[in-house]
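Coordinates as given in coords-v9.cif (mmCIF, C-alpha atoms):
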data_my_file
loop_
_atom_site.label_atom_id
_atom_site.label_comp_id
_atom_site.auth_asym_id
_atom_site.auth_seq_id
_atom_site.Cartn_x
_atom_site.Cartn_y
_atom_site.Cartn_z
CA MET A 1 30.31 88.58 99.65
CA PRO A 2 32.45 89.13 102.72
CA ARG A 3 34.76 92.08 102.93
CA TYR A 4 38.52 91.50 103.01
CA GLU A 5 41.60 93.60 103.52
CA LEU A 6 44.85 92.79 101.75
CA ALA A 7 47.90 94.10 103.60
CA LEU A 8 50.48 94.14 100.84
CA LEU A 9 54.21 94.68 101.29
CA LEU A 10 55.89 95.49 98.00
CA LYS A 11 59.59 95.65 97.25
CA ALA A 12 61.03 99.18 97.44
CA MET A 13 61.12 100.18 93.79
CA GLN A 14 60.80 103.27 91.62
CA ARG A 15 57.35 104.77 91.20
CA PRO A 16 56.48 103.41 87.72
CA GLU A 17 57.50 99.88 88.69
CA MET A 18 55.55 100.06 91.94
CA ALA A 19 52.52 101.32 90.00
CA ALA A 20 52.86 98.46 87.53
CA ALA A 21 53.03 95.90 90.37
CA LEU A 22 49.92 97.37 92.00
CA LYS A 23 48.08 97.35 88.70
CA ARG A 24 48.95 93.68 88.20
CA THR A 25 47.69 92.80 91.68
CA ILE A 26 44.41 94.63 91.32
CA GLU A 27 43.79 93.19 87.89
CA ALA A 28 44.37 89.72 89.31
CA LEU A 29 41.82 90.51 92.03
CA MET A 30 39.22 91.78 89.58
CA GLU A 31 39.76 88.86 87.18
CA ARG A 32 38.67 86.48 89.90
CA GLY A 33 35.51 88.44 90.59
CA ALA A 34 36.46 90.70 93.46
CA VAL A 35 35.17 94.25 93.73
CA VAL A 36 37.92 96.58 94.89
CA ARG A 37 36.63 99.32 97.16
CA ASN A 38 39.69 101.26 98.14
CA LEU A 39 43.46 101.27 97.80
CA GLU A 40 45.51 103.01 100.48
CA ASN A 41 49.20 103.78 100.44
CA LEU A 42 50.71 103.70 103.91
CA GLY A 43 54.04 104.98 102.62
CA GLU A 44 57.43 103.44 102.00
CA ARG A 45 59.17 102.66 105.26
CA SER A 46 61.86 100.35 106.53
CA LEU A 47 60.54 96.95 107.46
CA PRO A 48 60.50 96.02 111.17
CA TYR A 49 62.79 93.07 110.48
CA LYS A 50 64.76 91.71 107.53
CA ILE A 51 62.53 89.62 105.25
CA SER A 52 64.07 87.21 102.77
CA LYS A 53 61.86 86.41 99.83
CA HIS A 54 62.57 85.19 96.29
CA ASN A 55 66.31 84.87 97.04
CA GLN A 56 66.55 88.49 98.11
CA ASP A 57 66.82 90.27 101.44
CA HIS A 58 64.53 93.20 101.92
CA ARG A 59 64.92 95.95 104.49
CA ARG A 60 62.67 98.60 102.99
CA GLY A 61 59.23 98.19 101.50
CA GLY A 62 56.09 99.92 100.34
CA TYR A 63 53.00 99.32 102.47
CA PHE A 64 49.64 99.14 100.71
CA LEU A 65 46.14 98.31 101.88
CA VAL A 66 43.55 96.97 99.44
CA ASP A 67 39.95 96.96 100.60
CA PHE A 68 37.78 94.57 98.57
CA ASP A 69 34.67 92.40 98.50
CA GLY A 70 35.04 88.95 97.08
CA PRO A 71 34.06 85.29 97.30
CA PRO A 72 36.07 83.32 99.86
CA THR A 73 37.11 80.73 97.25
CA ILE A 74 39.51 83.13 95.53
CA ILE A 75 41.68 83.72 98.59
CA SER A 76 43.76 80.56 98.27
CA THR A 77 44.28 81.07 94.52
CA LEU A 78 45.29 84.66 95.12
CA MET A 79 47.79 83.70 97.83
CA ASP A 80 49.32 81.30 95.30
CA HIS A 81 49.42 83.95 92.61
CA LEU A 82 50.92 86.66 94.83
CA GLY A 83 53.44 84.21 96.25
CA ARG A 84 54.83 83.75 92.77
CA ASP A 85 55.07 87.49 92.06
CA VAL A 86 58.69 88.59 92.58
CA ASP A 87 57.84 92.14 93.59
CA VAL A 88 55.53 91.17 96.43
CA ILE A 89 57.32 90.60 99.74
CA ARG A 90 54.42 89.59 101.98
CA PRO A 91 50.71 89.41 101.07
CA THR A 92 48.22 88.92 103.91
CA PHE A 93 44.45 88.58 103.65
CA ILE A 94 42.38 89.60 106.63
CA LYS A 95 38.65 89.83 107.20
CA HIS A 96 37.86 93.51 107.15
CA PRO A 97 37.99 94.71 110.76
CA VAL A 98 34.59 96.13 111.66
CA SER A 99 35.52 99.24 113.61
CA LYS A 100 32.77 99.12 116.19
CA THR A 101 33.34 101.29 119.23
CA GLU A 102 30.89 99.43 121.43
CA GLU A 103 29.92 101.20 124.57
CA CYS A 104 32.31 99.64 127.00
CA SER A 105 30.51 99.31 130.31
CA GLY A 106 33.70 99.48 132.29
CA ILE A 107 35.32 96.93 134.58
CA ILE A 108 32.57 95.03 136.39
CA PRO A 109 33.85 93.93 139.81
CA VAL A 110 33.97 90.13 139.97
CA ASN A 111 32.63 88.33 143.03
CA TYR A 112 35.51 85.99 143.70
CA GLU A 113 33.73 84.06 146.44
CA ASP A 114 30.97 82.93 144.12
CA LYS A 115 33.49 82.02 141.46
CA LEU A 116 35.31 79.88 143.98
CA TYR A 117 32.38 77.93 145.39
CA THR A 118 29.81 77.41 142.62
CA LYS A 119 32.13 75.23 140.57
CA LYS A 120 32.18 72.59 143.29
CA LYS A 121 29.35 70.27 142.19
CA MET B 1 -17.35 75.11 200.17
CA ALA B 2 -20.37 77.13 199.26
CA ALA B 3 -18.96 80.07 201.14
CA ALA B 4 -15.70 79.69 199.31
CA LEU B 5 -17.53 79.55 196.01
CA VAL B 6 -19.52 82.62 196.84
CA VAL B 7 -16.36 84.44 197.81
CA SER B 8 -14.69 83.43 194.58
CA SER B 9 -17.65 84.48 192.51
CA ARG B 10 -17.80 87.72 194.32
CA GLY B 11 -14.09 88.06 193.86
CA TRP B 12 -14.39 87.36 190.15
CA GLY B 13 -17.17 89.84 189.81
CA LYS B 14 -15.13 92.49 191.59
CA LEU B 15 -12.14 91.59 189.46
CA ARG B 16 -14.24 91.96 186.39
CA GLN B 17 -15.47 95.34 187.55
CA ILE B 18 -11.94 96.48 188.29
CA LEU B 19 -10.72 95.18 184.94
CA ALA B 20 -13.54 96.90 183.09
CA ALA B 21 -12.87 100.18 184.86
CA GLY B 22 -9.17 99.74 184.31
CA LYS B 23 -9.63 98.94 180.64
CA GLY B 24 -11.65 102.07 180.03
CA ALA B 25 -9.09 104.23 181.75
CA GLY B 26 -6.27 102.32 180.13
CA ALA B 27 -7.76 102.71 176.67
CA SER B 28 -8.14 106.42 177.09
CA CYS B 29 -4.58 106.59 178.38
CA ALA B 30 -3.34 104.60 175.38
CA VAL B 31 -5.19 106.86 173.01
CA LEU B 32 -3.63 109.96 174.57
CA TRP B 33 -0.17 108.34 174.43
CA ARG B 34 -0.04 108.05 170.61
CA ARG B 35 1.32 111.25 169.08
CA GLY B 36 -1.18 113.51 167.42
CA CYS B 37 -3.81 110.85 167.43
CA SER B 38 -6.99 112.04 165.75
CA SER B 39 -9.73 110.32 163.83
CA GLN B 40 -8.13 111.38 160.50
CA GLN B 41 -4.94 109.45 161.12
CA GLU B 42 -6.59 106.16 161.80
CA HIS B 43 -5.07 104.53 158.68
CA VAL B 44 -1.48 105.55 159.35
CA SER B 45 0.88 102.86 158.06
CA HIS B 46 3.69 101.88 160.32
CA ASN B 47 6.27 102.18 157.55
CA GLU B 48 6.03 105.92 156.94
CA ASP B 49 9.11 106.77 158.95
CA LEU B 50 11.25 103.91 157.67
CA PRO B 51 13.79 104.70 154.88
CA ILE B 52 12.60 104.19 151.27
CA GLN B 53 14.38 101.41 149.42
CA MET B 54 16.35 102.90 146.52
CA GLU B 55 19.57 102.25 144.64
CA ASN B 56 22.62 103.89 146.20
CA PRO B 57 22.63 107.42 144.64
CA TYR B 58 26.25 107.97 145.66
CA LYS B 59 27.56 104.93 143.82
CA ASP B 60 30.72 105.52 141.77
CA PRO B 61 30.41 104.95 138.01
CA PRO B 62 32.04 101.63 137.01
CA LYS B 63 35.82 101.87 136.66
CA ARG B 64 36.98 102.05 133.05
CA CYS B 65 40.25 100.83 131.68
CA VAL B 66 42.46 103.04 129.51
CA LEU B 67 41.11 101.66 126.25
CA CYS B 68 37.41 101.69 127.06
CA GLY B 69 35.69 103.01 123.97
CA ILE B 70 38.85 103.07 121.81
CA ASN B 71 38.97 100.85 118.73
CA VAL B 72 42.04 98.61 118.65
CA ASP B 73 43.54 97.99 115.19
CA TYR B 74 46.61 96.04 114.08
CA LYS B 75 47.65 98.98 111.86
CA ASN B 76 47.90 101.35 114.81
CA VAL B 77 51.47 100.40 115.70
CA GLN B 78 52.04 103.34 118.05
CA LEU B 79 49.13 102.33 120.27
CA LEU B 80 50.20 98.70 120.29
CA SER B 81 53.79 99.59 121.10
CA GLN B 82 52.70 101.22 124.35
CA PHE B 83 51.84 97.78 125.75
CA VAL B 84 55.12 96.16 124.80
CA SER B 85 58.47 96.09 126.61
CA PRO B 86 61.06 98.47 125.10
CA TYR B 87 63.91 96.06 125.83
CA THR B 88 62.57 92.70 124.70
CA GLY B 89 59.40 93.54 122.78
CA ARG B 90 57.34 91.21 124.99
CA ILE B 91 53.67 91.94 125.56
CA TYR B 92 52.90 93.09 129.11
CA GLY B 93 50.49 91.07 131.21
CA ARG B 94 47.13 92.16 132.55
CA HIS B 95 48.53 93.00 135.98
CA ILE B 96 50.87 95.54 134.36
CA THR B 97 48.70 97.11 131.69
CA GLY B 98 45.59 97.31 133.89
CA LEU B 99 43.25 96.62 130.97
CA CYS B 100 39.95 94.82 131.23
CA GLY B 101 39.73 91.25 129.89
CA LYS B 102 38.24 92.12 126.51
CA LYS B 103 40.70 94.85 125.64
CA GLN B 104 43.75 92.89 126.81
CA LYS B 105 42.76 90.04 124.49
CA GLU B 106 42.17 92.44 121.61
CA ILE B 107 45.53 94.13 122.08
CA SER B 108 47.32 90.81 122.35
CA LYS B 109 45.73 89.51 119.15
CA ALA B 110 46.42 92.76 117.30
CA ILE B 111 50.08 92.78 118.34
CA LYS B 112 50.63 89.21 117.18
CA ARG B 113 48.89 90.01 113.92
CA ALA B 114 51.05 93.08 113.39
CA HIS B 115 54.16 90.93 113.99
CA VAL B 116 53.22 88.44 111.32
CA ILE B 117 52.07 90.92 108.70
CA GLY B 118 55.24 92.99 109.06
CA PHE B 119 53.98 96.16 110.69
CA MET B 120 55.59 95.90 114.10
CA PRO B 121 59.01 94.67 115.22
CA VAL B 122 59.02 91.53 117.35
CA VAL B 123 62.08 91.57 119.59
CA TYR B 124 62.26 95.27 120.36
CA LYS B 125 60.10 98.36 120.49
CA ASP B 126 60.23 100.73 117.55
CA PRO B 127 62.70 103.49 118.61
CA THR B 128 60.44 106.26 117.32
CA PHE B 129 57.84 105.26 119.94
CA LEU B 130 60.21 105.05 122.90
CA ASN B 131 59.26 108.45 124.27
CA ASP B 132 55.51 107.85 124.27
CA PRO B 133 53.55 108.46 127.50
CA LYS B 134 53.76 105.47 129.81
CA ILE B 135 50.46 103.69 130.39
CA CYS B 136 51.76 100.48 131.90
CA ASP B 137 52.66 100.18 135.55
CA ILE B 138 56.01 98.52 135.00
CA ARG B 139 58.89 99.15 137.31
CA HIS B 140 62.11 98.42 135.47
CA PRO B 141 65.16 97.78 137.66
CA GLU B 142 67.48 100.76 137.48
#
Would you mind giving the structure from this file in structure tokens?
Amino acid sequence: MPRYELALLLKAMQRPEMAAALKRTIEALMERGAVVRNLENLGERSLPYKISKHNQDHRRGGYFLVDFDGPPTIISTLMDHLGRDVDVIRPTFIKHPVSKTEECSGIIPVNYEDKLYTKKK
Amino acid sequence: MAAALVVSSRGWGKLRQILAAGKGAGASCAVLWRRGCSSQQEHVSHNEDLPIQMENPYKDPPKRCVLCGINVDYKNVQLLSQFVSPYTGRIYGRHITGLCGKKQKEISKAIKRAHVIGFMPVVYKDPTFLNDPKICDIRHPE
């Protein structure tokens, strides 16, 4: 099962309502057979630009990050489901970024002459 | 004719004698000429004094760009904002940022992702990051 990351923007609400919205989302995930690994709260901050969703304009929102493993077939159904939820401003599913700090070998100087001539065939 | 032949043969013989004598003397001279020539150094290779082929030991380590070894993430808005214009929010090109091909592509992709997801503003640079250290070599008109 591939690992996904759900970057969730929720409407700026009071704590109990926010908690209820999160609970709903995670239950929806688990119902469809996803295994939730981690839930991170990135804080409530003002959005970078005004987002209009569900006939409302939002300027502030709560940022959450849900780390989960699940089958790829549930993604489209979940996007549908979260799109209909009034409290969710913007749900985005991403493949979990594998943080690999590969040993960067530095900038290798390119031989421009070879690049210029070998293509002439 | 016979006389001439005799003379020539005699001449040849003398020549041969001279050559033989000369050769002996010449050989001994040649032997003395070579530096420190003794029976032990008969198998001296001619390449002893030539430089040994090796990789340049004074070579500089390959130049690294600013992000070599740093993981680029779309959530790291402060890092991404350093490669974006403060006035228009446009992503700087490779000739300005000085990044290597891989990292420039990664940064570009991460910035566009952050725009869509709603982490980073599109048309301007987040004011809280305006006083960050300048990495890019941009010369704004003053």
Exercise for review: I would like the residues chosen by the PyMOL selection byres ((chain A) within 12 of (chain B)) on the shown file; could you give them as a PyMOL selection string?
Suggested key: chain A and resi 5-10+42-51+58-65+89-94+96-110
With C-alpha atoms retained, write the just-selected residues as a PDB file, keeping the file's coordinate frame.
ATOM      1  CA  GLU A   5      41.600  93.600 103.520  1.00  0.00           C
ATOM      2  CA  LEU A   6      44.850  92.790 101.750  1.00  0.00           C
ATOM      3  CA  ALA A   7      47.900  94.100 103.600  1.00  0.00           C
ATOM      4  CA  LEU A   8      50.480  94.140 100.840  1.00  0.00           C
ATOM      5  CA  LEU A   9      54.210  94.680 101.290  1.00  0.00           C
ATOM      6  CA  LEU A  10      55.890  95.490  98.000  1.00  0.00           C
ATOM      7  CA  LEU A  42      50.710 103.700 103.910  1.00  0.00           C
ATOM      8  CA  GLY A  43      54.040 104.980 102.620  1.00  0.00           C
ATOM      9  CA  GLU A  44      57.430 103.440 102.000  1.00  0.00           C
ATOM     10  CA  ARG A  45      59.170 102.660 105.260  1.00  0.00           C
ATOM     11  CA  SER A  46      61.860 100.350 106.530  1.00  0.00           C
ATOM     12  CA  LEU A  47      60.540  96.950 107.460  1.00  0.00           C
ATOM     13  CA  PRO A  48      60.500  96.020 111.170  1.00  0.00           C
ATOM     14  CA  TYR A  49      62.790  93.070 110.480  1.00  0.00           C
ATOM     15  CA  LYS A  50      64.760  91.710 107.530  1.00  0.00           C
ATOM     16  CA  ILE A  51      62.530  89.620 105.250  1.00  0.00           C
ATOM     17  CA  HIS A  58      64.530  93.200 101.920  1.00  0.00           C
ATOM     18  CA  ARG A  59      64.920  95.950 104.490  1.00  0.00           C
ATOM     19  CA  ARG A  60      62.670  98.600 102.990  1.00  0.00           C
ATOM     20  CA  GLY A  61      59.230  98.190 101.500  1.00  0.00           C
ATOM     21  CA  GLY A  62      56.090  99.920 100.340  1.00  0.00           C
ATOM     22  CA  TYR A  63      53.000  99.320 102.470  1.00  0.00           C
ATOM     23  CA  PHE A  64      49.640  99.140 100.710  1.00  0.00           C
ATOM     24  CA  LEU A  65      46.140  98.310 101.880  1.00  0.00           C
ATOM     25  CA  ILE A  89      57.320  90.600  99.740  1.00  0.00           C
ATOM     26  CA  ARG A  90      54.420  89.590 101.980  1.00  0.00           C
ATOM     27  CA  PRO A  91      50.710  89.410 101.070  1.00  0.00           C
ATOM     28  CA  THR A  92      48.220  88.920 103.910  1.00  0.00           C
ATOM     29  CA  PHE A  93      44.450  88.580 103.650  1.00  0.00           C
ATOM     30  CA  ILE A  94      42.380  89.600 106.630  1.00  0.00           C
ATOM     31  CA  HIS A  96      37.860  93.510 107.150  1.00  0.00           C
ATOM     32  CA  PRO A  97      37.990  94.710 110.760  1.00  0.00           C
ATOM     33  CA  VAL A  98      34.590  96.130 111.660  1.00  0.00           C
ATOM     34  CA  SER A  99      35.520  99.240 113.610  1.00  0.00           C
ATOM     35  CA  LYS A 100      32.770  99.120 116.190  1.00  0.00           C
ATOM     36  CA  THR A 101      33.340 101.290 119.230  1.00  0.00           C
ATOM     37  CA  GLU A 102      30.890  99.430 121.430  1.00  0.00           C
ATOM     38  CA  GLU A 103      29.920 101.200 124.570  1.00  0.00           C
ATOM     39  CA  CYS A 104      32.310  99.640 127.000  1.00  0.00           C
ATOM     40  CA  SER A 105      30.510  99.310 130.310  1.00  0.00           C
ATOM     41  CA  GLY A 106      33.700  99.480 132.290  1.00  0.00           C
ATOM     42  CA  ILE A 107      35.320  96.930 134.580  1.00  0.00           C
ATOM     43  CA  ILE A 108      32.570  95.030 136.390  1.00  0.00           C
ATOM     44  CA  PRO A 109      33.850  93.930 139.810  1.00  0.00           C
ATOM     45  CA  VAL A 110      33.970  90.130 139.970  1.00  0.00           C
TER      46      VAL A 110
END
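When all atoms listed in the file are used to compute distances to Glu27 (chain A), the closest of the residues A:Pro72, A:Lys53, A:Leu82, A:Met13 turns out to be A:Leu82.
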Review point. What does the PyMOL selection byres ((chain B and resi 90) around 10) select in this file, as a PyMOL selection string?
Key: chain B and resi 81+83-89+91-93+111+122-125
Review point. Hey, what comes out of the PyMOL selection byres ((chain A and resi 35) around 9) on this file? Could you write it as a list in words?
Key: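 What the PyMOL selection byres ((chain A and resi 35) around 9) grabs from the file is Leu29, Met30, Gly33, Ala34, Val36, Arg37, Asp67, Phe68, Asp69 and Gly70 of chain A.
Between CA of Met1 (chain A) and CA of Arg32 (chain A) the interatomic distance comes to 13.0 Å.
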Exercise for review: In Å, rounded to a single decimal, give me how far CA of Leu79 (chain B) is from CA of Gly98 (chain B).
Suggested key: 14.9 Å
Axis-aligned box for region 60-64 of chain B, 5 Å per side, centre and edges in Å as JSON:
{"center_x": 33.7, "center_y": 103.6, "center_z": 137.4, "size_x": 16.6, "size_y": 13.9, "size_z": 18.7}
Exercise for review: To one decimal in Å, tell me the separation between CA of Glu31 (chain A) and CA of Glu17 (chain A).
Suggested key: 20.9 Å
Exercise for review: Give me the residues within 7 Å of region 135-142 of chain B as a ChimeraX atom specification, counting all atoms listed in the file and dropping any in the same chain fewer than 3 places off.
Suggested key: /B:82-83,96-97
Just to be explicit: take each residue in the selection above, keep C-alpha atoms, and write the result as an mmCIF file, in the coordinates of the input.
data_model
loop_
_atom_site.group_PDB
_atom_site.id
_atom_site.type_symbol
_atom_site.label_atom_id
_atom_site.label_comp_id
_atom_site.auth_asym_id
_atom_site.auth_seq_id
_atom_site.Cartn_x
_atom_site.Cartn_y
_atom_site.Cartn_z
ATOM 1 C CA GLN B 82 52.700 101.220 124.350
ATOM 2 C CA PHE B 83 51.840 97.780 125.750
ATOM 3 C CA ILE B 96 50.870 95.540 134.360
ATOM 4 C CA THR B 97 48.700 97.110 131.690
#
